[in-house]
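Comments concern the structure below.
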Amino acid sequence: MSTAFAGSLSHPRLPPELISLIFEFLAADRDWVSLGACSLLSNQCLRSARKLLFLSVTLRLRSDPNPILIHDISRRIQGLCDLLKRDPDTSRYIKVFEVLDSYPVYDSQWITQQTSLPRLINKLTNVQECTFGSEVGYLQWGLFSPELATSLQKLFSYPHLKILTLCNVGMIPTPVLKIPVRYLHLNNITTLPTLALLGEEPVSLSTPDSRLCYLNVRTVSLANTDSAWELMQVHSTNLKLIKWRCWEGTYLSYSPLVLTNRNLIHKLTVYQMHGQEMGQASPAQSTSGSCPL
């Protein structure tokens with residue numbers, strides 16, 4: 001037996017496909033410690049493991065069972081910034097990005113005033129699904145630092161972004177939501193109305209190149225409702241499905257914009273009064289009264 005052949009038998013190599021499959025099993029079991037250890041085996045393993053380790057990045061506080069505090073989040077954000085500076089290619093692996101405050105102490109300053117967060121967001125150029133906001137409490141867009149507001153608007157406008165979820169965010173400038181996403185989920189948000197100049201006709205809000213097909217809205221006030229109408233006008237070109245859960249308990253009249261585009265919208269479902277479904281219908285059905293399209 002030749003020396004070269006003997007050497008190949010003494011150091012067998014697993015096919016890359018099998019290695020990737022093993023890593024996928026570890027990721028499915030959320031065994032991030034083992035997957036992180038595997039990333040240290042070789043450069044090839046490093047890339048394969050990082051694609052799974054950084055597929056989803058979540059920044060949120062947690063009280064139990066394993067508490068994650070503000071200083072933990074700050075350290076994580078800074079660590080990610082340093083890593084992506086050393087290895088910019090890793091940013092391509094981040095497909096899901098979530099910043100969600102579940103414990104709004106100090107008016108969510110770890111989001112609104114975190115100096116490293118805008119730098120991190122600016123490095124994320126391949127995100128396909130993004131969630132931003134607060135589970136409890138309320139974030140006001142006007143309290144964001146200019147750097148954070150700019151970085152978020154840039155992130156929302158990326159063509160790779162397909163799904164955007166915003167929770168409990170107030171006074172969002174309407175141009176920020178003139179974005180090319182296909183699925184938009186809005187939970188208790190308000191927009192900053194686009195006002196025409198005094199004495200002039202109202203400006204047109206419609207975005208001809210909008211790609212939004214599905215809009216899921218939850219409103220808790222008339223301000224939310226007005227914002228929802230405005231966003232429907234912005235994205236009226238391709239909007240096909242609307243699911244609307246309204247909790248204000250007031251009479252809901254349909255926007256003329258929606259009615260004039262009833263041939264485009266395939267289905268509008270409205271829930272009111274603590275989740276009781278008002279109804280759903282196709283565009284061919286009546287649009288009178290409180291009956292949906």
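Chain labels A, B, ... are given in the sequence in which chains occur in the structure tokens; within each chain residues are numbered consecutively from 1, and ligands are likewise numbered from 1 in the order shown.
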
Backbone-only DSSP, alpha helix (DSSP H) members of segment 50-208 of chain A, as an MDAnalysis selection string: chainID A and resid 50:53 70:86 109:112 116:122 146:156

Sel. of strand (DSSP E) residues, segment 24-82 of chain A, as a list in words: Ser56, Val57, Thr58 and Leu59 of chain A

Selection near segment 19-25 of chain A, 12 Å with only C-alpha atoms, sequence-local residues under 6 positions removed, as a list in words: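 Surrounding residues, per the criterion: Arg13, Asp31, Trp32, Val33, Ser34, Leu35, Gly36, Ala37, Cys38, Ser39, Leu41, Ser42, Gln44, Cys45, Leu46, Arg47, Ser48, Ala49, Arg50, Lys51, Leu52, Leu53 and Leu55 of chain A.
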
Two-atom distance - atom CA of Thr269 of chain A, atom CA of Leu241 of chain A (Å): 8.4 Å

Coordinates-based distance that separates atom CA of Lys162 of chain A from atom CA of Arg60 of chain A (Å, one decimal):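 These atoms are spaced 21.7 Å apart.
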
List as a CSV table (one decimal) with N, CA and C atoms, in the first residue's frame the protein and nucleic acid residues near segment 216-230 of chain A, meaning an atom at most 7 Å away when only C-alpha atoms are counted, but skip any in the same chain fewer than 5 places from it.
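selection10.csv written:
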chain,number,residue,atom,x,y,z
A,184,LEU,N,-46.5,43.2,5.6
A,184,LEU,CA,-46.3,44.3,6.6
A,184,LEU,C,-47.3,44.0,7.8
A,185,HIS,N,-46.8,43.9,9.0
A,185,HIS,CA,-47.6,43.6,10.2
A,185,HIS,C,-47.4,44.8,11.1
A,186,LEU,N,-48.5,45.5,11.4
A,186,LEU,CA,-48.5,46.7,12.3
A,186,LEU,C,-49.3,46.5,13.5
A,187,ASN,N,-48.7,46.5,14.6
A,187,ASN,CA,-49.5,46.4,15.9
A,187,ASN,C,-49.4,47.7,16.7
A,188,ASN,N,-50.5,48.4,16.7
A,188,ASN,CA,-50.6,49.6,17.5
A,188,ASN,C,-49.6,50.6,17.1
A,189,ILE,N,-49.5,51.0,15.9
A,189,ILE,CA,-48.6,52.1,15.4
A,189,ILE,C,-49.4,53.3,14.9
A,190,THR,N,-48.7,54.4,15.0
A,190,THR,CA,-49.3,55.6,14.4
A,190,THR,C,-48.3,56.2,13.4
A,191,THR,N,-48.7,56.9,12.4
A,191,THR,CA,-47.8,57.6,11.5
A,191,THR,C,-47.9,59.1,11.7
A,242,ILE,N,-55.9,42.2,3.3
A,242,ILE,CA,-55.9,43.0,4.5
A,242,ILE,C,-56.6,42.3,5.6
A,243,LYS,N,-55.9,42.2,6.7
A,243,LYS,CA,-56.5,41.6,8.0
A,243,LYS,C,-56.4,42.7,9.0
A,244,TRP,N,-57.6,43.1,9.5
A,244,TRP,CA,-57.6,44.3,10.4
A,244,TRP,C,-58.3,43.9,11.7
A,245,ARG,N,-57.6,44.0,12.8
A,245,ARG,CA,-58.2,43.8,14.1
A,245,ARG,C,-58.3,45.1,14.8
A,246,CYS,N,-59.5,45.6,15.1
A,246,CYS,CA,-59.7,46.9,15.7
A,246,CYS,C,-60.4,46.8,17.0
A,247,TRP,N,-59.8,47.5,18.0
A,247,TRP,CA,-60.3,47.3,19.4
A,247,TRP,C,-60.9,48.6,19.9
A,248,GLU,N,-61.0,49.6,19.1
A,248,GLU,CA,-61.5,50.9,19.6
A,248,GLU,C,-63.0,50.9,19.9
A,255,SER,N,-62.6,53.3,3.9
A,255,SER,CA,-62.0,54.4,3.2
A,255,SER,C,-62.4,54.4,1.7

Exercise: segment 75-87 of chain A partners within 12 Å, only C-alpha atoms, chain neighbours under 4 positions left out, as number ranges by chain: A: 46-47, 50, 54, 57-61, 68-71, 91-94, 99, 110-111, 114-125
